[in-house]
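One file, target.txt, is given below (compact mmCIF, N, CA and C atoms and all ligand atoms).
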```txt
# COMPACT_ATOMS: atom_id res chain seq x y z
N MET X 29 87.84 89.22 131.87
CA MET X 29 89.00 88.72 131.12
C MET X 29 90.28 88.94 131.93
N TYR X 30 90.44 90.18 132.47
CA TYR X 30 91.63 90.50 133.24
C TYR X 30 91.74 89.60 134.47
N ARG X 31 90.59 89.39 135.17
CA ARG X 31 90.60 88.53 136.38
C ARG X 31 90.96 87.10 136.01
N ARG X 32 90.41 86.62 134.88
CA ARG X 32 90.72 85.25 134.44
C ARG X 32 92.21 85.11 134.15
N PHE X 33 92.77 86.16 133.49
CA PHE X 33 94.19 86.15 133.16
C PHE X 33 95.02 86.11 134.45
N HIS X 34 94.64 86.93 135.42
CA HIS X 34 95.37 87.03 136.67
C HIS X 34 95.33 85.69 137.41
N ARG X 35 94.14 85.06 137.43
CA ARG X 35 94.02 83.74 138.09
C ARG X 35 94.89 82.72 137.38
N ALA X 36 94.89 82.78 136.03
CA ALA X 36 95.66 81.81 135.25
C ALA X 36 97.16 81.95 135.54
N CYS X 37 97.60 83.18 135.81
CA CYS X 37 99.03 83.40 136.10
C CYS X 37 99.40 82.82 137.46
N ASN X 38 98.40 82.73 138.33
CA ASN X 38 98.61 82.13 139.65
C ASN X 38 99.79 82.76 140.38
N CYS X 39 99.81 84.09 140.44
CA CYS X 39 100.90 84.77 141.15
C CYS X 39 100.33 85.99 141.86
N ASP X 40 101.14 86.57 142.77
CA ASP X 40 100.68 87.72 143.54
C ASP X 40 101.07 89.05 142.89
N ASP X 41 101.78 88.99 141.79
CA ASP X 41 102.21 90.24 141.16
C ASP X 41 101.03 91.04 140.66
N THR X 42 101.25 92.32 140.51
CA THR X 42 100.20 93.17 139.95
C THR X 42 100.35 93.17 138.43
N VAL X 43 99.27 92.90 137.75
CA VAL X 43 99.30 92.94 136.28
C VAL X 43 98.57 94.20 135.86
N ILE X 44 99.24 95.05 135.09
CA ILE X 44 98.63 96.31 134.66
C ILE X 44 98.29 96.22 133.17
N PRO X 45 97.02 96.13 132.83
CA PRO X 45 96.68 96.07 131.40
C PRO X 45 96.98 97.42 130.73
N ARG X 46 97.60 97.39 129.59
CA ARG X 46 97.91 98.62 128.83
C ARG X 46 97.23 98.56 127.48
N LEU X 47 96.75 99.67 127.03
CA LEU X 47 96.16 99.73 125.70
C LEU X 47 97.26 99.68 124.65
N ILE X 48 96.94 99.15 123.50
CA ILE X 48 97.89 99.13 122.39
C ILE X 48 97.40 100.12 121.34
N TYR X 49 98.25 101.04 120.97
CA TYR X 49 97.88 102.06 119.98
C TYR X 49 98.58 101.79 118.65
N ALA X 50 97.95 102.15 117.58
CA ALA X 50 98.57 102.03 116.26
C ALA X 50 97.99 103.09 115.34
N LEU X 51 98.85 103.70 114.54
CA LEU X 51 98.36 104.59 113.48
C LEU X 51 97.83 103.71 112.35
N PRO X 52 96.95 104.25 111.50
CA PRO X 52 96.48 103.44 110.37
C PRO X 52 97.66 103.03 109.48
N ILE X 53 97.54 101.82 108.90
CA ILE X 53 98.58 101.37 107.95
C ILE X 53 98.64 102.39 106.81
N GLU X 54 99.82 102.69 106.37
CA GLU X 54 100.05 103.64 105.27
C GLU X 54 99.81 105.09 105.69
N HIS X 55 99.89 105.32 107.01
CA HIS X 55 99.77 106.71 107.49
C HIS X 55 100.91 107.54 106.88
N SER X 56 100.59 108.71 106.38
CA SER X 56 101.63 109.59 105.85
C SER X 56 101.13 111.02 105.94
N TRP X 57 101.92 111.96 105.50
CA TRP X 57 101.51 113.36 105.52
C TRP X 57 102.17 114.07 104.36
N ALA X 58 101.59 115.19 104.00
CA ALA X 58 102.20 116.01 102.95
C ALA X 58 103.44 116.67 103.55
N HIS X 59 104.52 116.74 102.78
CA HIS X 59 105.76 117.31 103.31
C HIS X 59 105.54 118.72 103.84
N SER X 60 106.10 118.96 105.00
CA SER X 60 105.97 120.29 105.62
C SER X 60 107.37 120.87 105.78
N LYS X 61 107.55 122.11 105.33
CA LYS X 61 108.89 122.71 105.25
C LYS X 61 109.62 122.67 106.60
N GLY X 62 110.81 122.07 106.58
CA GLY X 62 111.67 122.10 107.76
C GLY X 62 111.29 121.16 108.90
N VAL X 63 110.27 120.32 108.67
CA VAL X 63 109.80 119.45 109.76
C VAL X 63 109.62 118.02 109.26
N THR X 64 109.97 117.05 110.09
CA THR X 64 109.60 115.66 109.80
C THR X 64 109.45 114.90 111.11
N LEU X 65 109.08 113.66 111.01
CA LEU X 65 108.91 112.80 112.19
C LEU X 65 109.67 111.51 111.96
N LEU X 66 110.02 110.84 113.04
CA LEU X 66 110.63 109.52 112.92
C LEU X 66 110.20 108.64 114.09
N GLY X 67 110.48 107.35 113.95
CA GLY X 67 110.14 106.41 115.02
C GLY X 67 108.63 106.35 115.24
N ASP X 68 108.26 106.04 116.48
CA ASP X 68 106.83 105.88 116.79
C ASP X 68 106.03 107.13 116.47
N ALA X 69 106.63 108.29 116.58
CA ALA X 69 105.89 109.52 116.27
C ALA X 69 105.41 109.49 114.82
N ALA X 70 106.17 108.85 113.94
CA ALA X 70 105.81 108.79 112.53
C ALA X 70 104.92 107.60 112.21
N HIS X 71 105.13 106.48 112.93
CA HIS X 71 104.44 105.25 112.51
C HIS X 71 104.23 104.29 113.67
N VAL X 72 103.66 104.77 114.78
CA VAL X 72 103.44 103.84 115.90
C VAL X 72 102.55 102.69 115.44
N MET X 73 102.96 101.47 115.82
CA MET X 73 102.20 100.28 115.42
C MET X 73 102.19 99.32 116.60
N SER X 74 101.35 98.31 116.56
CA SER X 74 101.32 97.34 117.65
C SER X 74 102.67 96.61 117.66
N PRO X 75 103.07 96.05 118.81
CA PRO X 75 104.41 95.45 118.87
C PRO X 75 104.50 94.05 118.27
N TYR X 76 103.50 93.61 117.50
CA TYR X 76 103.47 92.21 117.05
C TYR X 76 104.29 91.90 115.82
N ALA X 77 105.07 92.86 115.37
CA ALA X 77 106.07 92.54 114.35
C ALA X 77 107.47 92.67 114.95
N GLY X 78 107.56 93.28 116.13
CA GLY X 78 108.87 93.47 116.76
C GLY X 78 109.78 94.35 115.92
N GLU X 79 109.19 95.40 115.32
CA GLU X 79 109.96 96.23 114.38
C GLU X 79 110.11 97.69 114.80
N GLY X 80 109.34 98.13 115.80
CA GLY X 80 109.29 99.57 116.11
C GLY X 80 110.63 100.19 116.45
N ALA X 81 111.39 99.54 117.33
CA ALA X 81 112.69 100.09 117.72
C ALA X 81 113.67 100.03 116.55
N ASN X 82 113.58 98.93 115.78
CA ASN X 82 114.46 98.81 114.61
C ASN X 82 114.17 99.92 113.60
N LEU X 83 112.88 100.17 113.37
CA LEU X 83 112.51 101.22 112.43
C LEU X 83 112.98 102.59 112.94
N ALA X 84 112.82 102.82 114.24
CA ALA X 84 113.21 104.12 114.80
C ALA X 84 114.70 104.37 114.60
N MET X 85 115.51 103.31 114.81
CA MET X 85 116.97 103.47 114.64
C MET X 85 117.33 103.67 113.17
N LEU X 86 116.64 102.92 112.29
CA LEU X 86 116.93 103.07 110.86
C LEU X 86 116.49 104.45 110.38
N ASP X 87 115.31 104.89 110.83
CA ASP X 87 114.84 106.25 110.47
C ASP X 87 115.91 107.28 110.86
N ALA X 88 116.38 107.19 112.11
CA ALA X 88 117.34 108.18 112.61
C ALA X 88 118.62 108.17 111.77
N THR X 89 119.08 106.96 111.42
CA THR X 89 120.32 106.84 110.64
C THR X 89 120.12 107.43 109.24
N GLU X 90 119.01 107.06 108.60
CA GLU X 90 118.78 107.53 107.23
C GLU X 90 118.54 109.03 107.19
N LEU X 91 117.85 109.54 108.20
CA LEU X 91 117.62 110.99 108.24
C LEU X 91 118.94 111.73 108.42
N ALA X 92 119.78 111.23 109.32
CA ALA X 92 121.08 111.87 109.54
C ALA X 92 121.92 111.83 108.27
N LEU X 93 121.93 110.67 107.58
CA LEU X 93 122.72 110.54 106.35
C LEU X 93 122.20 111.48 105.27
N ALA X 94 120.85 111.59 105.17
CA ALA X 94 120.26 112.46 104.15
C ALA X 94 120.63 113.93 104.42
N ILE X 95 120.57 114.33 105.68
CA ILE X 95 120.91 115.72 106.03
C ILE X 95 122.39 115.98 105.76
N ALA X 96 123.22 115.01 106.17
CA ALA X 96 124.67 115.19 105.96
C ALA X 96 125.01 115.20 104.47
N GLY X 97 124.22 114.47 103.67
CA GLY X 97 124.53 114.34 102.25
C GLY X 97 124.00 115.47 101.38
N HIS X 98 123.18 116.35 101.93
CA HIS X 98 122.59 117.40 101.10
C HIS X 98 122.98 118.81 101.52
N GLY X 99 124.05 118.93 102.26
CA GLY X 99 124.55 120.26 102.61
C GLY X 99 123.47 121.14 103.19
N ASP X 100 123.25 122.31 102.59
CA ASP X 100 122.25 123.25 103.12
C ASP X 100 120.85 122.96 102.61
N ASP X 101 120.73 121.98 101.72
CA ASP X 101 119.42 121.70 101.11
C ASP X 101 118.61 120.74 101.99
N VAL X 102 118.11 121.28 103.09
CA VAL X 102 117.39 120.45 104.07
C VAL X 102 116.11 119.87 103.48
N GLU X 103 115.42 120.63 102.63
CA GLU X 103 114.13 120.14 102.09
C GLU X 103 114.33 118.89 101.25
N THR X 104 115.39 118.86 100.42
CA THR X 104 115.68 117.66 99.63
C THR X 104 116.01 116.49 100.55
N ALA X 105 116.76 116.77 101.60
CA ALA X 105 117.12 115.71 102.56
C ALA X 105 115.86 115.14 103.21
N LEU X 106 114.95 116.00 103.65
CA LEU X 106 113.73 115.53 104.32
C LEU X 106 112.85 114.76 103.34
N THR X 107 112.74 115.24 102.11
CA THR X 107 111.93 114.55 101.10
C THR X 107 112.50 113.17 100.80
N GLN X 108 113.83 113.11 100.66
CA GLN X 108 114.48 111.81 100.40
C GLN X 108 114.21 110.85 101.56
N TYR X 109 114.37 111.33 102.79
CA TYR X 109 114.12 110.49 103.97
C TYR X 109 112.67 110.00 104.00
N GLU X 110 111.73 110.92 103.81
CA GLU X 110 110.31 110.54 103.91
C GLU X 110 109.91 109.57 102.80
N SER X 111 110.48 109.74 101.60
CA SER X 111 110.05 108.88 100.50
C SER X 111 110.51 107.43 100.71
N ALA X 112 111.54 107.20 101.51
CA ALA X 112 111.95 105.83 101.84
C ALA X 112 111.24 105.35 103.11
N MET X 113 111.02 106.27 104.05
CA MET X 113 110.44 105.89 105.34
C MET X 113 108.98 105.45 105.23
N PHE X 114 108.19 106.13 104.38
CA PHE X 114 106.75 105.78 104.30
C PHE X 114 106.52 104.34 103.83
N PRO X 115 107.11 103.90 102.70
CA PRO X 115 106.88 102.51 102.29
C PRO X 115 107.47 101.49 103.27
N ARG X 116 108.59 101.85 103.87
CA ARG X 116 109.21 100.93 104.84
C ARG X 116 108.29 100.70 106.04
N SER X 117 107.73 101.79 106.56
CA SER X 117 106.88 101.65 107.75
C SER X 117 105.54 101.02 107.39
N LYS X 118 105.09 101.22 106.14
CA LYS X 118 103.83 100.58 105.71
C LYS X 118 104.00 99.06 105.76
N ALA X 119 105.11 98.56 105.23
CA ALA X 119 105.35 97.11 105.22
C ALA X 119 105.38 96.56 106.64
N ALA X 120 106.04 97.27 107.55
CA ALA X 120 106.12 96.79 108.93
C ALA X 120 104.76 96.88 109.62
N ALA X 121 104.00 97.92 109.31
CA ALA X 121 102.66 98.08 109.92
C ALA X 121 101.73 96.95 109.48
N GLU X 122 101.87 96.53 108.22
CA GLU X 122 101.05 95.42 107.72
C GLU X 122 101.42 94.12 108.46
N GLU X 123 102.71 93.91 108.63
CA GLU X 123 103.18 92.72 109.33
C GLU X 123 102.71 92.74 110.78
N SER X 124 102.77 93.91 111.38
CA SER X 124 102.35 94.05 112.78
C SER X 124 100.85 93.82 112.93
N ALA X 125 100.06 94.28 111.96
CA ALA X 125 98.61 94.05 112.02
C ALA X 125 98.29 92.56 111.88
N ARG X 126 99.04 91.88 110.99
CA ARG X 126 98.85 90.43 110.84
C ARG X 126 99.20 89.71 112.14
N GLY X 127 100.30 90.15 112.79
CA GLY X 127 100.72 89.53 114.05
C GLY X 127 99.70 89.75 115.15
N LEU X 128 99.14 90.94 115.19
CA LEU X 128 98.11 91.26 116.20
C LEU X 128 96.90 90.34 116.02
N GLU X 129 96.48 90.19 114.76
CA GLU X 129 95.33 89.35 114.46
C GLU X 129 95.61 87.90 114.86
N MET X 130 96.83 87.46 114.56
CA MET X 130 97.22 86.08 114.87
C MET X 130 97.19 85.83 116.38
N CYS X 131 97.67 86.80 117.16
CA CYS X 131 97.76 86.61 118.62
C CYS X 131 96.41 86.69 119.31
N PHE X 132 95.44 87.37 118.69
CA PHE X 132 94.15 87.55 119.36
C PHE X 132 93.01 86.87 118.61
N ALA X 133 93.34 86.01 117.64
CA ALA X 133 92.29 85.30 116.90
C ALA X 133 91.54 84.37 117.84
N VAL X 134 90.34 83.97 117.45
CA VAL X 134 89.51 83.10 118.29
C VAL X 134 90.25 81.81 118.63
N ASP X 135 91.05 81.30 117.67
CA ASP X 135 91.76 80.04 117.93
C ASP X 135 93.19 80.26 118.42
N ALA X 136 93.50 81.49 118.88
CA ALA X 136 94.85 81.75 119.40
C ALA X 136 95.13 80.80 120.57
N PRO X 137 96.34 80.32 120.74
CA PRO X 137 97.56 80.71 120.05
C PRO X 137 97.96 79.79 118.88
N LYS X 138 96.95 79.11 118.28
CA LYS X 138 97.30 78.15 117.22
C LYS X 138 98.12 78.81 116.10
N GLY X 139 97.66 79.97 115.66
CA GLY X 139 98.33 80.66 114.55
C GLY X 139 99.78 80.96 114.90
N LEU X 140 99.99 81.38 116.13
CA LEU X 140 101.34 81.74 116.58
C LEU X 140 102.23 80.49 116.60
N VAL X 141 101.67 79.39 117.09
CA VAL X 141 102.42 78.13 117.13
C VAL X 141 102.80 77.72 115.71
N HIS X 142 101.83 77.79 114.77
CA HIS X 142 102.12 77.43 113.37
C HIS X 142 103.20 78.34 112.79
N PHE X 143 103.10 79.62 113.15
CA PHE X 143 104.07 80.60 112.64
C PHE X 143 105.49 80.19 113.04
N PHE X 144 105.67 79.88 114.33
CA PHE X 144 107.02 79.52 114.79
C PHE X 144 107.44 78.15 114.24
N GLN X 145 106.46 77.23 114.13
CA GLN X 145 106.80 75.92 113.56
C GLN X 145 107.27 76.06 112.12
N SER X 146 106.66 77.01 111.40
CA SER X 146 107.03 77.18 109.99
C SER X 146 108.47 77.66 109.82
N MET X 147 109.06 78.13 110.91
CA MET X 147 110.45 78.61 110.84
C MET X 147 111.44 77.46 110.94
N GLY X 148 110.93 76.26 111.22
CA GLY X 148 111.82 75.10 111.29
C GLY X 148 112.27 74.81 112.71
N VAL X 149 112.91 73.68 112.85
CA VAL X 149 113.39 73.24 114.16
C VAL X 149 114.72 73.93 114.45
N PRO X 150 114.93 74.46 115.69
CA PRO X 150 116.22 75.09 116.01
C PRO X 150 117.37 74.12 115.74
N GLY X 151 118.40 74.64 115.15
CA GLY X 151 119.55 73.79 114.83
C GLY X 151 119.52 73.31 113.39
N GLU X 152 118.34 73.42 112.76
CA GLU X 152 118.22 72.99 111.36
C GLU X 152 118.26 74.18 110.41
N LEU X 153 118.56 75.38 110.92
CA LEU X 153 118.53 76.57 110.07
C LEU X 153 119.69 76.61 109.10
C1 LIG X 201 105.25 95.70 124.65
C2 LIG X 201 106.13 96.23 123.54
C3 LIG X 201 107.05 95.38 122.94
C4 LIG X 201 107.86 95.84 121.91
N1 LIG X 201 108.76 94.99 121.34
C5 LIG X 201 109.56 95.42 120.36
C6 LIG X 201 110.53 94.54 119.77
O1 LIG X 201 110.66 93.37 120.12
N2 LIG X 201 111.30 95.02 118.77
C7 LIG X 201 111.21 96.30 118.33
O2 LIG X 201 111.95 96.70 117.42
N3 LIG X 201 110.30 97.16 118.87
C8 LIG X 201 109.48 96.75 119.87
N4 LIG X 201 108.57 97.61 120.43
C9 LIG X 201 108.41 98.97 119.88
C10 LIG X 201 109.47 99.94 120.40
O3 LIG X 201 109.49 99.93 121.82
C11 LIG X 201 109.13 101.35 119.89
O4 LIG X 201 108.78 101.31 118.53
C12 LIG X 201 110.33 102.27 120.08
O5 LIG X 201 110.64 102.41 121.45
C13 LIG X 201 110.03 103.65 119.47
O6 LIG X 201 111.13 104.49 119.73
P1 LIG X 201 110.92 106.04 119.66
O7 LIG X 201 112.27 106.62 120.03
O8 LIG X 201 110.31 106.45 118.37
O9 LIG X 201 109.85 106.40 120.78
P2 LIG X 201 109.93 106.19 122.35
O10 LIG X 201 110.78 105.01 122.71
O11 LIG X 201 108.52 106.24 122.84
O12 LIG X 201 110.73 107.48 122.85
C14 LIG X 201 110.11 108.73 122.90
C15 LIG X 201 110.71 109.44 124.12
O13 LIG X 201 110.25 110.81 124.10
C16 LIG X 201 109.90 111.15 125.42
N5 LIG X 201 108.92 112.25 125.32
C17 LIG X 201 107.61 112.22 125.02
N6 LIG X 201 107.07 113.46 125.03
C18 LIG X 201 108.08 114.29 125.36
C19 LIG X 201 108.16 115.70 125.54
N7 LIG X 201 107.10 116.49 125.37
N8 LIG X 201 109.35 116.24 125.88
C20 LIG X 201 110.45 115.44 126.04
N9 LIG X 201 110.44 114.10 125.88
C21 LIG X 201 109.27 113.54 125.54
C22 LIG X 201 109.30 109.87 126.01
O14 LIG X 201 109.34 109.90 127.42
C23 LIG X 201 110.25 108.84 125.45
O15 LIG X 201 111.38 108.63 126.25
C24 LIG X 201 107.74 97.19 121.47
C25 LIG X 201 106.82 98.05 122.08
C26 LIG X 201 106.02 97.58 123.10
C27 LIG X 201 105.02 98.52 123.75
```

Could you rewrite the structure in this file as structure tokens?
Ligand SMILES: Cc1cc2nc3c(=O)[nH]c(=O)nc-3n(C[C@H](O)[C@H](O)[C@H](O)COP(=O)(O)OP(=O)(O)OC[C@H]3O[C@@H](n4cnc5c(N)ncnc54)[C@H](O)[C@@H]3O)c2cc1C
Amino acid sequence: MYRRFHRACNCDDTVIPRLIYALPIEHSWAHSKGVTLLGDAAHVMSPYAGEGANLAMLDATELALAIAGHGDDVETALTQYESAMFPRSKAAAEESARGLEMCFAVDAPKGLVHFFQSMGVPGEL
């Protein structure tokens, strides 16, 4: 498969295949005193939703706001952050799993083409 891909690219560049890692959809953990995770450490997913960096930045912002908003009560801040972060990352992980399936389906890239076509013609938005 890799050789076929390289031939199809018809170039001299080196192509390095990388594995794609993802945590299970709806991955979560029981709250642990004084500790939490954000970004990929909390919810690494395949890049087929294009959401990982966005989620990481939103996680960081919400965690900072929660800590700033709860004074010395760090546990309430962490619980508040985690209770919003888990459902948010679940939704993105589901979208990313659908995107992965679409890109590697037997009839790929038909699904991807339909997906972009369904967004309408540029200029008609
Ligand atoms: C091919 C691809 C395309 C993507 N496209 C998009 C996209 O279009 N849109 C989008 O939103 N997201 C996209 N993502 C996902 C996005 O890149 C990640 O979700 C995002 O970078 C996660 O940020 P993070 O800060 O949580 O982790 P990272 O960016 O992985 O940062 C973690 C940092 O910690 C460092 N580190 C690790 N261990 C240690 C240690 N022991 N001590 C000190 N430092 C350490 C690492 O070197 C790294 O710099 C894509 C990802 C891939 C792979």

Assuming 4 Å of padding per side, give the centre and edge lengths of the axis-aligned box around every listed atom of stretch 102-106 of chain X, in Å to one decimal and as AutoDock Vina command-line options.
```
--center_x 115.5 --center_y 118.0 --center_z 102.0 --size_x 13.3 --size_y 14.5 --size_z 12.7
```

Between chain X and ligand LIG 201 (chain X), at 7 Å or less, what are the per-residue closest atom pairs and their distances in Å? Count all atoms listed in the file, order by chain and rising residue number, and return it as a Markdown table.
```
| residue | atom | partner | partner_atom | distance |
| --- | --- | --- | --- | --- |
| X:Leu66 | C | X:LIG201 | O8 | 4.8 |
| X:Gly67 | CA | X:LIG201 | O8 | 3.4 |
| X:Asp68 | N | X:LIG201 | O8 | 2.8 |
| X:Ala69 | N | X:LIG201 | O8 | 4.5 |
| X:Ala70 | N | X:LIG201 | O8 | 6.5 |
| X:Val72 | CA | X:LIG201 | O4 | 6.5 |
| X:Met73 | N | X:LIG201 | O4 | 6.4 |
| X:Ser74 | C | X:LIG201 | C25 | 6.2 |
| X:Pro75 | CA | X:LIG201 | C24 | 4.6 |
| X:Tyr76 | N | X:LIG201 | C4 | 6.6 |
| X:Ala77 | C | X:LIG201 | N2 | 5.9 |
| X:Gly78 | C | X:LIG201 | N2 | 3.3 |
| X:Glu79 | C | X:LIG201 | O2 | 3.4 |
| X:Gly80 | C | X:LIG201 | O4 | 3.0 |
| X:Ala81 | N | X:LIG201 | O2 | 2.9 |
| X:Asn82 | N | X:LIG201 | O2 | 3.2 |
| X:Leu83 | N | X:LIG201 | O2 | 5.4 |
| X:Ala84 | CA | X:LIG201 | O8 | 5.2 |
| X:Met85 | N | X:LIG201 | O6 | 6.7 |
```

Exercise. Point out the residue among X:Arg31, X:Glu103, X:Pro45, X:Ala121 with the least atom-to-atom distance to X:Ser60, counting all atoms listed in the file.
Key: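 The shortest atom-to-atom distance to X:Ser60 comes from X:Glu103.
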
Practice problem: Would you please give, as an MDAnalysis selection string, all residues of stretch 37-152 of chain X that DSSP assigns to helix (DSSP H, G or I) based on the backbone? | Solution: chainID X and resid 37 68:71 75:77 80:97 102:132 138:145

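Proximity to X:Ala50 was assessed for X:Leu128, X:Val149, X:Leu86, X:Leu91 counting only C-alpha atoms; the smallest distance is recorded for X:Leu128.
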
Quiz item: Looking at all atoms listed in the file, which of X:Ser111, X:His142, X:Leu65, X:Ala133 is the one that sits closest to X:Ala88?
Solution: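 The closest residue to X:Ala88 is X:Leu65.
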
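Atom CA of X:Pro52 lies 9.6 Å from atom CA of X:Glu122.
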
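Taking only N, CA and C atoms into account, X:Ile53 lies nearest to X:Lys118 out of the set X:Asp135, X:Leu140, X:Met147, X:Lys118.
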
Quiz item: Out of X:Arg32, X:His55, X:His71, X:Lys61, which residue has the shortest atom-to-atom distance to X:Asp101 when counting only C-alpha atoms?
Solution: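 Going through X:Arg32, X:His55, X:His71, X:Lys61 one by one, the smallest distance to X:Asp101 is for X:Lys61.
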
Quiz prompt | Å distance separating atom C of X:Asp87 from atom N of X:Ala58, one decimal place | solution =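 Between atom C of X:Asp87 and atom N of X:Ala58 the gap works out to 17.7 Å.
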
Quiz item: For X:Phe114, which residue among X:Phe143, X:Gly97, X:Val134, X:Trp57 is the nearest when counting all atoms listed in the file?
Solution: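 That would be X:Trp57, the residue with the smallest distance to X:Phe114.
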
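Note that atom N of X:His98 and atom C of X:Glu54 are 26.2 Å apart.
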